[in-house]
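Asks: Input structure: entry27.cif, which contains mmCIF, C-alpha atoms and all ligand atoms.
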data_run
loop_
_atom_site.label_atom_id
_atom_site.label_comp_id
_atom_site.auth_asym_id
_atom_site.auth_seq_id
_atom_site.Cartn_x
_atom_site.Cartn_y
_atom_site.Cartn_z
CA MET A 1 -4.51 14.71 20.67
CA SER A 2 -6.79 17.32 19.01
CA GLN A 3 -9.95 16.18 17.23
CA THR A 4 -8.45 17.18 13.84
CA LYS A 5 -5.34 15.08 14.53
CA VAL A 6 -7.46 12.11 15.59
CA ASN A 7 -9.50 12.44 12.37
CA ASP A 8 -6.31 12.66 10.28
CA GLU A 9 -4.90 9.59 12.02
CA LEU A 10 -8.12 7.63 11.43
CA GLN A 11 -8.13 8.66 7.79
CA ILE A 12 -4.51 7.53 7.32
CA GLN A 13 -5.32 4.20 8.97
CA ALA A 14 -8.38 3.75 6.74
CA VAL A 15 -6.35 4.49 3.59
CA SER A 16 -3.47 2.20 4.54
CA HIS A 17 -5.91 -0.63 5.27
CA SER A 18 -7.39 -0.31 1.79
CA LEU A 19 -3.97 -0.42 0.09
CA VAL A 20 -2.93 -3.48 -1.86
CA ARG A 21 0.57 -4.87 -1.22
CA SER A 22 2.66 -4.74 -4.42
CA ALA A 23 5.33 -7.29 -5.33
CA ILE A 24 7.90 -8.09 -7.99
CA ALA A 25 6.21 -10.70 -10.16
CA GLY A 26 8.91 -11.14 -12.80
CA ILE A 27 12.48 -10.13 -13.68
CA GLY A 28 14.35 -10.01 -16.99
CA VAL A 29 17.81 -8.84 -18.02
CA SER A 30 19.50 -7.85 -21.26
CA LEU A 31 23.24 -7.39 -21.69
CA PRO A 32 25.13 -6.74 -24.94
CA SER A 33 27.30 -9.71 -25.91
CA LYS A 34 30.45 -7.65 -26.59
CA VAL A 35 32.89 -7.84 -23.67
CA VAL A 36 35.50 -5.06 -23.25
CA THR A 37 38.32 -5.91 -20.84
CA ASN A 38 40.51 -3.54 -18.84
CA ARG A 39 43.44 -4.49 -21.07
CA GLU A 40 41.55 -3.16 -24.10
CA LEU A 41 41.05 0.17 -22.31
CA GLU A 42 44.81 0.40 -21.78
CA LYS A 43 44.97 1.06 -25.54
CA LEU A 44 42.58 4.04 -25.25
CA VAL A 45 43.72 5.94 -22.15
CA ASP A 46 46.68 6.08 -19.77
CA THR A 47 45.50 3.39 -17.35
CA SER A 48 46.25 -0.19 -16.36
CA ASP A 49 44.32 -3.36 -15.70
CA GLU A 50 45.89 -3.39 -12.23
CA TRP A 51 44.79 0.20 -11.40
CA ILE A 52 41.21 -0.37 -12.55
CA GLU A 53 40.82 -3.64 -10.67
CA THR A 54 42.44 -2.39 -7.46
CA ARG A 55 40.48 0.88 -7.35
CA THR A 56 37.12 -0.35 -8.63
CA GLY A 57 37.00 -4.16 -8.72
CA ILE A 58 35.98 -3.97 -12.39
CA ARG A 59 37.57 -6.49 -14.77
CA GLU A 60 35.33 -6.14 -17.81
CA ARG A 61 32.11 -4.55 -19.00
CA ARG A 62 29.57 -5.06 -21.80
CA ILE A 63 29.43 -2.46 -24.56
CA ALA A 64 26.58 -2.22 -27.09
CA GLU A 65 27.35 -2.48 -30.81
CA PRO A 66 26.83 0.86 -32.66
CA ASN A 67 23.51 -0.22 -34.20
CA MET A 68 22.00 -1.18 -30.82
CA THR A 69 19.68 1.23 -28.98
CA THR A 70 18.40 1.56 -25.42
CA SER A 71 14.95 0.39 -26.55
CA ASP A 72 16.53 -2.77 -28.03
CA LEU A 73 17.90 -3.73 -24.60
CA CYS A 74 14.58 -2.70 -22.99
CA PHE A 75 12.66 -4.93 -25.39
CA GLU A 76 14.70 -8.02 -24.55
CA ALA A 77 14.62 -7.40 -20.79
CA ALA A 78 10.87 -6.61 -20.90
CA THR A 79 10.05 -9.74 -22.90
CA LYS A 80 11.97 -11.91 -20.43
CA SER A 81 10.32 -10.26 -17.40
CA LEU A 82 6.84 -10.75 -18.89
CA ALA A 83 7.58 -14.44 -19.54
CA ASP A 84 8.90 -14.77 -15.98
CA ALA A 85 5.67 -13.24 -14.62
CA LYS A 86 3.58 -15.37 -17.04
CA LEU A 87 2.01 -12.24 -18.51
CA THR A 88 1.60 -10.84 -22.01
CA PRO A 89 2.20 -7.24 -23.17
CA GLN A 90 -1.59 -6.76 -23.25
CA ASP A 91 -1.64 -7.24 -19.47
CA LEU A 92 0.49 -4.13 -18.91
CA ASP A 93 -1.13 -0.93 -17.60
CA LEU A 94 2.00 1.21 -17.41
CA ILE A 95 5.59 1.15 -18.69
CA ILE A 96 8.29 3.19 -16.95
CA VAL A 97 11.70 3.32 -18.61
CA CYS A 98 14.28 4.69 -16.18
CA THR A 99 17.19 6.00 -18.23
CA VAL A 100 19.59 8.89 -18.81
CA THR A 101 20.33 7.59 -22.31
CA PRO A 102 16.96 7.47 -24.09
CA ASP A 103 16.93 6.53 -27.79
CA THR A 104 16.08 10.18 -28.55
CA PRO A 105 15.24 13.18 -26.33
CA VAL A 106 11.67 13.10 -27.72
CA PRO A 107 9.60 10.91 -27.72
CA ALA A 108 10.10 8.89 -24.56
CA THR A 109 11.82 5.53 -25.04
CA ALA A 110 8.95 4.02 -23.01
CA CYS A 111 6.59 4.91 -25.91
CA ILE A 112 8.91 3.31 -28.47
CA LEU A 113 8.96 0.19 -26.30
CA GLN A 114 5.18 0.25 -25.76
CA ASP A 115 4.66 0.17 -29.52
CA ARG A 116 7.25 -2.55 -30.10
CA LEU A 117 5.79 -4.76 -27.37
CA GLY A 118 2.25 -4.15 -28.61
CA ALA A 119 1.21 -3.16 -25.09
CA LYS A 120 -1.96 -1.50 -26.32
CA GLN A 121 -3.45 -0.78 -22.88
CA ALA A 122 -0.31 0.68 -21.33
CA ALA A 123 0.56 4.28 -20.54
CA ALA A 124 4.28 4.99 -20.92
CA PHE A 125 6.84 7.48 -19.68
CA ASP A 126 10.57 7.86 -19.08
CA LEU A 127 12.08 8.71 -15.71
CA ASN A 128 15.47 10.37 -15.23
CA GLY A 129 16.79 9.59 -11.76
CA GLY A 130 20.43 9.01 -12.76
CA CYS A 131 21.70 5.68 -11.49
CA THR A 132 18.85 5.79 -8.91
CA GLY A 133 16.29 5.80 -11.73
CA PHE A 134 15.23 2.18 -11.36
CA MET A 135 14.62 2.61 -7.63
CA TYR A 136 12.49 5.72 -8.20
CA GLY A 137 10.62 3.82 -10.93
CA LEU A 138 10.04 0.83 -8.66
CA ALA A 139 8.61 3.08 -5.94
CA THR A 140 6.36 4.86 -8.49
CA ALA A 141 5.08 1.56 -9.87
CA SER A 142 4.41 0.29 -6.36
CA GLN A 143 2.20 3.31 -5.57
CA PHE A 144 0.06 2.75 -8.68
CA VAL A 145 -0.39 -0.93 -7.84
CA SER A 146 -0.99 -0.31 -4.12
CA THR A 147 -3.80 2.15 -4.74
CA GLY A 148 -5.46 -0.31 -7.13
CA LYS A 149 -5.17 2.11 -10.05
CA PHE A 150 -3.01 -0.29 -12.09
CA LYS A 151 -2.48 -4.03 -11.94
CA ASN A 152 0.73 -4.69 -13.87
CA VAL A 153 3.50 -2.14 -14.26
CA LEU A 154 6.70 -2.77 -16.21
CA VAL A 155 9.71 -0.94 -14.75
CA ILE A 156 12.99 -0.99 -16.64
CA GLY A 157 16.37 0.39 -15.69
CA ALA A 158 18.25 0.70 -18.99
CA ASP A 159 21.30 2.66 -20.02
CA LEU A 160 23.86 2.76 -22.78
CA LEU A 161 26.30 4.91 -20.82
CA SER A 162 28.92 4.06 -23.44
CA ARG A 163 27.13 6.58 -25.69
CA ILE A 164 27.72 9.49 -23.29
CA THR A 165 31.12 8.37 -22.03
CA ASN A 166 34.17 10.50 -22.79
CA TRP A 167 36.53 7.79 -24.02
CA GLN A 168 39.44 10.21 -23.53
CA ASP A 169 38.77 10.61 -19.78
CA ARG A 170 40.45 7.86 -17.77
CA GLY A 171 38.65 9.00 -14.61
CA THR A 172 35.27 7.90 -15.97
CA CYS A 173 35.59 5.70 -19.07
CA ILE A 174 36.93 2.73 -17.13
CA LEU A 175 33.80 2.62 -14.96
CA PHE A 176 30.80 2.24 -17.20
CA GLY A 177 29.00 -0.53 -19.06
CA ASP A 178 25.71 -1.01 -20.93
CA GLY A 179 22.70 -3.08 -19.90
CA ALA A 180 19.03 -3.27 -18.97
CA GLY A 181 17.03 -4.91 -16.19
CA ALA A 182 13.24 -5.13 -16.05
CA VAL A 183 10.72 -6.07 -13.38
CA ILE A 184 6.95 -6.48 -13.38
CA VAL A 185 5.23 -4.96 -10.36
CA SER A 186 1.84 -6.56 -9.61
CA PRO A 187 -0.42 -7.09 -6.59
CA SER A 188 1.10 -9.50 -4.06
CA LYS A 189 -0.77 -12.76 -3.51
CA ASP A 190 -0.14 -12.37 0.22
CA GLN A 191 -0.13 -9.06 2.16
CA ALA A 192 2.87 -10.25 4.21
CA TYR A 193 5.10 -10.51 1.11
CA GLY A 194 6.22 -8.00 -1.49
CA LEU A 195 7.44 -4.41 -1.50
CA LEU A 196 7.18 -3.35 2.13
CA ASP A 197 8.81 0.07 2.31
CA PHE A 198 10.68 2.72 0.33
CA HIS A 199 13.01 5.56 1.25
CA LEU A 200 13.59 8.16 -1.48
CA ARG A 201 15.88 11.16 -1.25
CA ALA A 202 17.52 13.87 -3.37
CA ASP A 203 20.13 16.57 -2.81
CA GLY A 204 20.26 18.87 -5.82
CA SER A 205 23.11 20.89 -4.30
CA GLY A 206 25.32 17.99 -5.45
CA ALA A 207 24.18 18.32 -9.08
CA PRO A 208 27.59 19.58 -10.34
CA LEU A 209 29.33 16.42 -9.10
CA LEU A 210 27.86 14.18 -11.81
CA LYS A 211 26.57 15.81 -14.97
CA VAL A 212 26.25 16.13 -18.74
CA GLU A 213 26.56 19.86 -19.37
CA ALA A 214 25.12 20.29 -22.86
CA GLY A 215 22.24 19.06 -24.97
CA GLY A 216 19.43 20.53 -22.89
CA ALA A 217 17.65 23.90 -22.80
CA LYS A 218 20.52 25.55 -20.91
CA LEU A 219 23.21 24.69 -23.42
CA PRO A 220 21.70 23.32 -26.63
CA ALA A 221 23.83 21.16 -28.91
CA SER A 222 26.17 23.18 -31.12
CA VAL A 223 29.50 22.78 -32.86
CA ILE A 224 31.09 24.46 -29.83
CA THR A 225 29.51 22.10 -27.27
CA ALA A 226 30.60 19.15 -29.40
CA GLU A 227 34.14 20.48 -29.71
CA LYS A 228 34.31 21.06 -25.95
CA ARG A 229 33.08 17.49 -25.37
CA GLN A 230 30.24 18.81 -23.21
CA HIS A 231 27.84 16.03 -24.23
CA PHE A 232 29.73 13.49 -22.16
CA LEU A 233 29.41 12.52 -18.50
CA GLN A 234 31.66 14.38 -16.09
CA MET A 235 32.19 13.23 -12.52
CA GLU A 236 34.02 14.34 -9.39
CA GLY A 237 34.98 10.77 -8.47
CA ARG A 238 36.23 11.23 -4.93
CA GLN A 239 33.25 13.30 -3.78
CA VAL A 240 30.76 10.96 -5.45
CA PHE A 241 32.49 8.05 -3.71
CA LYS A 242 31.88 9.63 -0.27
CA PHE A 243 28.28 10.43 -1.18
CA ALA A 244 27.73 6.84 -2.38
CA VAL A 245 28.82 5.33 0.93
CA HIS A 246 26.61 7.81 2.81
CA ALA A 247 23.67 6.96 0.50
CA ILE A 248 23.96 3.24 1.24
CA LEU A 249 24.23 3.81 5.00
CA ASP A 250 21.21 6.14 5.00
CA GLY A 251 19.20 3.87 2.69
CA VAL A 252 19.80 0.75 4.79
CA ASN A 253 19.63 2.30 8.27
CA THR A 254 16.40 4.21 7.59
CA LEU A 255 14.57 1.09 6.42
CA LEU A 256 15.92 -1.08 9.24
CA LYS A 257 14.95 1.43 11.91
CA ARG A 258 11.48 2.17 10.52
CA ASN A 259 10.67 -1.53 10.17
CA GLU A 260 12.26 -2.60 13.46
CA LEU A 261 14.70 -4.95 11.74
CA THR A 262 18.45 -5.50 12.08
CA VAL A 263 21.15 -6.43 9.55
CA ASP A 264 20.83 -10.03 10.79
CA ASP A 265 17.19 -10.15 9.64
CA ILE A 266 18.12 -9.29 6.04
CA ASP A 267 19.23 -12.18 3.80
CA CYS A 268 20.47 -10.19 0.85
CA PHE A 269 21.62 -6.63 0.08
CA VAL A 270 21.51 -5.48 -3.54
CA PHE A 271 23.32 -2.16 -3.90
CA HIS A 272 24.01 -0.13 -7.03
CA GLN A 273 27.15 -1.58 -8.60
CA ALA A 274 29.42 1.45 -9.01
CA ASN A 275 32.65 0.36 -7.39
CA LEU A 276 33.56 -2.71 -5.31
CA ARG A 277 35.32 -0.46 -2.79
CA ILE A 278 32.06 1.43 -2.19
CA LEU A 279 30.27 -1.87 -1.48
CA GLU A 280 33.05 -3.08 0.84
CA ASN A 281 33.26 0.25 2.67
CA ALA A 282 29.51 0.40 3.29
CA ALA A 283 29.35 -3.28 4.26
CA LYS A 284 32.12 -2.78 6.81
CA GLN A 285 30.39 0.19 8.43
CA LEU A 286 27.03 -1.60 8.51
CA LYS A 287 28.66 -4.85 9.70
CA ILE A 288 27.10 -6.83 6.86
CA PRO A 289 28.83 -10.19 6.17
CA SER A 290 30.28 -10.24 2.65
CA GLU A 291 28.19 -13.26 1.56
CA LYS A 292 25.02 -11.17 1.95
CA ILE A 293 26.28 -8.45 -0.43
CA ILE A 294 25.69 -8.98 -4.14
CA SER A 295 28.60 -7.85 -6.32
CA ASN A 296 28.82 -8.27 -10.07
CA VAL A 297 30.51 -4.95 -10.87
CA GLN A 298 33.56 -7.09 -11.76
CA LYS A 299 31.74 -8.38 -14.88
CA TYR A 300 29.56 -5.48 -15.94
CA GLY A 301 31.03 -2.24 -14.53
CA ASN A 302 28.56 0.49 -13.59
CA THR A 303 25.45 -0.02 -15.73
CA SER A 304 23.66 2.99 -14.18
CA SER A 305 19.92 2.47 -13.76
CA ALA A 306 20.20 -1.16 -14.90
CA SER A 307 22.57 -2.28 -12.18
CA VAL A 308 20.11 -3.00 -9.35
CA PRO A 309 17.69 -5.16 -11.41
CA ILE A 310 20.61 -6.96 -13.10
CA ALA A 311 22.12 -7.75 -9.68
CA LEU A 312 18.71 -8.73 -8.28
CA GLU A 313 18.19 -11.22 -11.12
CA GLU A 314 21.64 -12.68 -10.54
CA ALA A 315 21.01 -12.95 -6.79
CA ARG A 316 17.74 -14.81 -7.44
CA ARG A 317 19.44 -17.14 -9.94
CA GLU A 318 22.20 -17.90 -7.43
CA LYS A 319 19.58 -18.50 -4.71
CA LYS A 320 20.92 -15.76 -2.44
CA PHE A 321 17.38 -15.39 -1.11
CA LYS A 322 14.28 -17.60 -0.95
CA LYS A 323 10.58 -17.19 -0.31
CA GLY A 324 10.10 -15.20 2.88
CA SER A 325 13.61 -13.66 2.80
CA TYR A 326 14.00 -9.96 3.49
CA VAL A 327 15.99 -8.12 0.78
CA ILE A 328 17.17 -4.50 0.74
CA LEU A 329 17.88 -2.68 -2.53
CA VAL A 330 19.75 0.65 -2.68
CA GLY A 331 20.41 2.94 -5.64
CA PHE A 332 22.40 6.19 -5.77
CA GLY A 333 23.61 8.56 -8.45
CA ALA A 334 23.28 11.82 -10.35
CA GLY A 335 21.01 14.50 -8.99
CA LEU A 336 22.26 13.70 -6.45
CA THR A 337 19.63 11.07 -5.72
CA TRP A 338 19.42 7.93 -3.65
CA ALA A 339 16.68 5.49 -2.74
CA SER A 340 16.21 2.18 -0.98
CA ALA A 341 13.51 -0.48 -0.85
CA LEU A 342 12.72 -3.23 1.64
CA LEU A 343 11.03 -6.29 0.23
CA ARG A 344 10.01 -9.70 1.45
CA TRP A 345 10.40 -12.20 -1.36
O1 LIG B 1 26.93 5.60 -10.60
C1 LIG B 1 27.19 6.85 -10.02
C2 LIG B 1 28.05 6.71 -8.88
N1 LIG B 1 29.47 6.73 -9.25
C3 LIG B 1 30.34 6.34 -8.36
O2 LIG B 1 29.95 5.91 -7.31
C4 LIG B 1 31.81 6.50 -8.64
C5 LIG B 1 32.49 6.94 -7.36
N2 LIG B 1 33.93 7.19 -7.48
C6 LIG B 1 34.82 6.20 -7.69
O3 LIG B 1 34.46 5.05 -7.88
C7 LIG B 1 36.28 6.54 -7.60
O4 LIG B 1 36.42 7.84 -7.11
C8 LIG B 1 37.04 6.43 -8.96
C9 LIG B 1 37.17 4.98 -9.35
C10 LIG B 1 36.31 7.19 -10.04
C11 LIG B 1 38.43 6.99 -8.82
O5 LIG B 1 39.16 6.30 -7.80
P1 LIG B 1 39.92 7.10 -6.67
O6 LIG B 1 40.61 6.10 -5.84
O7 LIG B 1 38.93 8.01 -6.00
O8 LIG B 1 40.98 7.90 -7.49
P2 LIG B 1 41.22 9.47 -7.58
O9 LIG B 1 40.17 10.12 -8.40
O10 LIG B 1 41.44 10.00 -6.20
O11 LIG B 1 42.58 9.54 -8.36
C12 LIG B 1 43.80 9.01 -7.82
C13 LIG B 1 44.87 9.04 -8.88
C14 LIG B 1 44.94 10.39 -9.58
O12 LIG B 1 46.31 10.66 -9.88
P3 LIG B 1 47.15 11.66 -8.95
O13 LIG B 1 46.42 12.96 -8.98
O14 LIG B 1 47.16 11.03 -7.58
O15 LIG B 1 48.47 11.67 -9.63
C15 LIG B 1 44.21 10.17 -10.86
O16 LIG B 1 44.64 11.01 -11.92
O17 LIG B 1 44.57 8.10 -9.88
C16 LIG B 1 44.58 8.73 -11.17
N3 LIG B 1 43.62 8.05 -12.02
C17 LIG B 1 43.94 6.97 -12.77
N4 LIG B 1 45.09 6.31 -12.92
C18 LIG B 1 45.09 5.24 -13.75
C19 LIG B 1 42.30 8.33 -12.20
N5 LIG B 1 41.77 7.45 -13.06
C20 LIG B 1 42.78 6.62 -13.42
C21 LIG B 1 42.83 5.50 -14.27
N6 LIG B 1 44.00 4.85 -14.40
N7 LIG B 1 41.74 5.05 -14.95
#
What does the file become when written as structure tokens?
Replies:
Amino acid sequence: MSQTKVNDELQIQAVSHSLVRSAIAGIGVSLPSKVVTNRELEKLVDTSDEWIETRTGIRERRIAEPNMTTSDLCFEAATKSLADAKLTPQDLDLIIVCTVTPDTPVPATACILQDRLGAKQAAAFDLNGGCTGFMYGLATASQFVSTGKFKNVLVIGADLLSRITNWQDRGTCILFGDGAGAVIVSPSKDQAYGLLDFHLRADGSGAPLLKVEAGGAKLPASVITAEKRQHFLQMEGRQVFKFAVHAILDGVNTLLKRNELTVDDIDCFVFHQANLRILENAAKQLKIPSEKIISNVQKYGNTSSASVPIALEEARREKKFKKGSYVILVGFGAGLTWASALLRW
């Protein structure tokens, strides 16, 4: 090895030794109370309860009332996660709201939340990573905590996809639901526990597969864009399905290999809840027993960036993992983006 390489290696070792291990210190969830069943959607589009359940596993989803905003769900989830972590809003250094449905394009929903919480010391920004947003946010928070720059970071995955759903398109409107899930990322009390590794990827060549065409700089809102229904989500379902399975396989296999673990070592897998068939397909290929896979898509549909933290909270409540358990989280979605995290609870 050259002297430069040796120096680089020593420097990397020195930096990694000075890093603090980050961990999830609290979780909180917010779901609208209004339940919309498949049968109700039969009245809107040419579909059936049987088709939706067979093809997606979804039976019902939560839809926000018209006066509810993304920041409302964020506020409830944030408040619960702070209580869970035994912290107050004043303890927060940073707030990251991961969303594709902010209250308004400007300012960031994270700033609206920061004010409402009274988190006077916290910086705040939004992050658009599609349904992967929460995973990107979790990785970002972990870096700030690991370097010692920040102590407590609030990360929220929150989306009201119902607001950008084309309720005339049976290919998409049956899939989505509203919700928010929040976590607090703080220094781990023990270096052996917490957020151990991340794998983050993007493939922008797949951007056309999952998109909202109008409302940005390329195609600003106009009467024409509204008439053409270009402010709603469009998706190439079959292609996104294939990508989703690939994303889970890559997310899981990369972390297992890099950390010299096998599927047997992992107690719980929390994947983005887009479609039960995606979960089953990936589980089969990875040879993961079904009891280790969290699935609540039946109750909530695809809640975008909120789905991983909502499922994680449910898994904790149902004691699917305990202290010392290894857990793998995977998100995937628009961009295309995908990301996974390995944590030891
Ligand atoms: O969070 C981001 C990630 N998103 C995803 O991961 C979603 C991935 N994609 C999917 O979950 C599935 O592709 C869908 C659930 C969206 C669609 O299921 P599919 O089994 O891939 O159906 P398909 O698109 O291949 O369509 C099969 C048939 C079509 O009819 P023809 O052409 O065979 O006559 C569709 O028009 O099913 C029809 N169809 C429906 N029929 C009844 C599509 N949507 C519906 C519907 N009800 N809601």
Asks: Show which residues sit within 6 Å of Ala180 of chain A, as a compact mmCIF listing (two decimals) with C-alpha atoms, in the frame of the given file. Count all atoms listed in the file, and ignore same-chain residues fewer than 5 positions away.
Replies:
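And here's selection-v6.txt as it stands now:
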# COMPACT_ATOMS: atom_id res chain seq x y z
CA VAL A 29 17.81 -8.84 -18.02
CA SER A 30 19.50 -7.85 -21.26
CA LEU A 73 17.90 -3.73 -24.60
CA GLY A 157 16.37 0.39 -15.69
CA ALA A 158 18.25 0.70 -18.99
CA ALA A 306 20.20 -1.16 -14.90
Asks: Which one is closest to ligand LIG 1 (chain B): A:Leu312, A:Ile63, A:Leu31, A:Leu210? Count all atoms listed in the file.
Replies: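 Selected residue with least distance to ligand LIG 1 (chain B): A:Leu210.
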Asks: Go through A:Ala123, A:Cys131, A:Val155, A:Leu44 and flag the residue nearest ligand LIG 1 (chain B), using only C-alpha atoms and all ligand atoms for the distances.
Replies: A:Cys131
Asks: Ligand LIG 1 (chain B): which residues are within 7 Å, counting all atoms listed in the file? Reply as an mmCIF file with C-alpha atoms, keeping the file's coordinate frame.
Replies:
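part_38.cif was written with the following content:
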data_model
loop_
_atom_site.group_PDB
_atom_site.id
_atom_site.type_symbol
_atom_site.label_atom_id
_atom_site.label_comp_id
_atom_site.auth_asym_id
_atom_site.auth_seq_id
_atom_site.Cartn_x
_atom_site.Cartn_y
_atom_site.Cartn_z
ATOM 1 C CA ASP A 46 46.680 6.080 -19.770
ATOM 2 C CA THR A 47 45.500 3.390 -17.350
ATOM 3 C CA SER A 48 46.250 -0.190 -16.360
ATOM 4 C CA TRP A 51 44.790 0.200 -11.400
ATOM 5 C CA ILE A 52 41.210 -0.370 -12.550
ATOM 6 C CA ARG A 55 40.480 0.880 -7.350
ATOM 7 C CA THR A 56 37.120 -0.350 -8.630
ATOM 8 C CA CYS A 131 21.700 5.680 -11.490
ATOM 9 C CA ARG A 170 40.450 7.860 -17.770
ATOM 10 C CA GLY A 171 38.650 9.000 -14.610
ATOM 11 C CA THR A 172 35.270 7.900 -15.970
ATOM 12 C CA ILE A 174 36.930 2.730 -17.130
ATOM 13 C CA LEU A 175 33.800 2.620 -14.960
ATOM 14 C CA GLY A 237 34.980 10.770 -8.470
ATOM 15 C CA ARG A 238 36.230 11.230 -4.930
ATOM 16 C CA VAL A 240 30.760 10.960 -5.450
ATOM 17 C CA PHE A 241 32.490 8.050 -3.710
ATOM 18 C CA ALA A 244 27.730 6.840 -2.380
ATOM 19 C CA ALA A 274 29.420 1.450 -9.010
ATOM 20 C CA ASN A 275 32.650 0.360 -7.390
ATOM 21 C CA ASN A 302 28.560 0.490 -13.590
ATOM 22 C CA SER A 304 23.660 2.990 -14.180
ATOM 23 C CA PHE A 332 22.400 6.190 -5.770
ATOM 24 C CA GLY A 333 23.610 8.560 -8.450
ATOM 25 C CA ALA A 334 23.280 11.820 -10.350
#
Asks: Counting all atoms listed in the file, which residue out of A:Ala226, A:Ile293, A:Leu286, A:Leu196 sits closest to Leu343 of chain A?
Replies: A:Leu196
Asks: From the list A:Lys284, A:Arg316, A:Lys228, A:Lys149, which residue is nearest Ile248 of chain A when using all atoms listed in the file?
Replies: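 Ranking A:Lys284, A:Arg316, A:Lys228, A:Lys149 by distance to Ile248 of chain A, first place goes to A:Lys284.
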Asks: Quick one: of A:Val145, A:Val327, A:Ile294, A:Met235, who's nearest to Leu261 of chain A, counting all atoms listed in the file?
Replies: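 Once distances to Leu261 of chain A are computed over all atoms listed in the file, the minimum belongs to A:Val327.
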Asks: For a cut-off of 7 Å around (24.4, -14.0, -0.5), file coordinates, pick out all residues using only C-alpha atoms and list them as a list of chain:residue names.
Replies: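 Within 7 Å of (24.4, -14.0, -0.5), the protein and nucleic acid residues are A:Asp267, A:Cys268, A:Glu291, A:Lys292, A:Ile293, A:Ile294, A:Lys320.
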Asks: Just C-alpha atoms for this one: save the residues we selected as a PDB file, in the coordinates of the input.
Replies:
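Done, and the output landed in again-v9.pdb:
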ATOM      1  CA  ASP A 267      19.230 -12.180   3.800  1.00  0.00           C
ATOM      2  CA  CYS A 268      20.470 -10.190   0.850  1.00  0.00           C
ATOM      3  CA  GLU A 291      28.190 -13.260   1.560  1.00  0.00           C
ATOM      4  CA  LYS A 292      25.020 -11.170   1.950  1.00  0.00           C
ATOM      5  CA  ILE A 293      26.280  -8.450  -0.430  1.00  0.00           C
ATOM      6  CA  ILE A 294      25.690  -8.980  -4.140  1.00  0.00           C
ATOM      7  CA  LYS A 320      20.920 -15.760  -2.440  1.00  0.00           C
TER       8      LYS A 320
END
Asks: Counting only C-alpha atoms, which residue out of A:Leu342, A:Cys98, A:Val263, A:Cys173 sits closest to Ser22 of chain A?
Replies: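 Closest to Ser22 of chain A of all the choices is A:Leu342.
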Asks: Would you pick out the contacts of Val20 of chain A at 7 Å or less, using all atoms listed in the file, so that residues sharing its chain but fewer than 3 positions from it are not included, and give the list as a list in words?
Replies: Val145, Ser146, Thr147, Gly148 and Pro187 of chain A
Asks: Calculate how many Å separate atom CA of Ala247 of chain A from atom CA of Thr165 of chain A, rounding to one decimal.
Replies: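 Between atom CA of Ala247 of chain A and atom CA of Thr165 of chain A the gap is 23.8 Å.
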Asks: Do you know which residues are at most 8 Å from Phe150 of chain A counting all atoms listed in the file, after dropping those on the same chain fewer than 5 positions away, and could you put them as a count of residues only?
Replies: 4
Asks: The residues within 10 Å of (38.7, -7.3, -24.5), using only C-alpha atoms and the coordinates of the file, should be reported as a PyMOL selection string; which are they?
Replies: chain A and resi 34-41+59-62
Asks: So what do you get for atom CA of Leu249 of chain A versus atom CA of Phe232 of chain A, distance-wise?
Replies: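 These two atoms are separated by 29.4 Å.
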Asks: To one decimal in Å, tell me the separation between atom CA of Ile24 of chain A and atom CA of Met135 of chain A.
Replies: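 Atom CA of Met135 of chain A lies 12.6 Å from atom CA of Ile24 of chain A.
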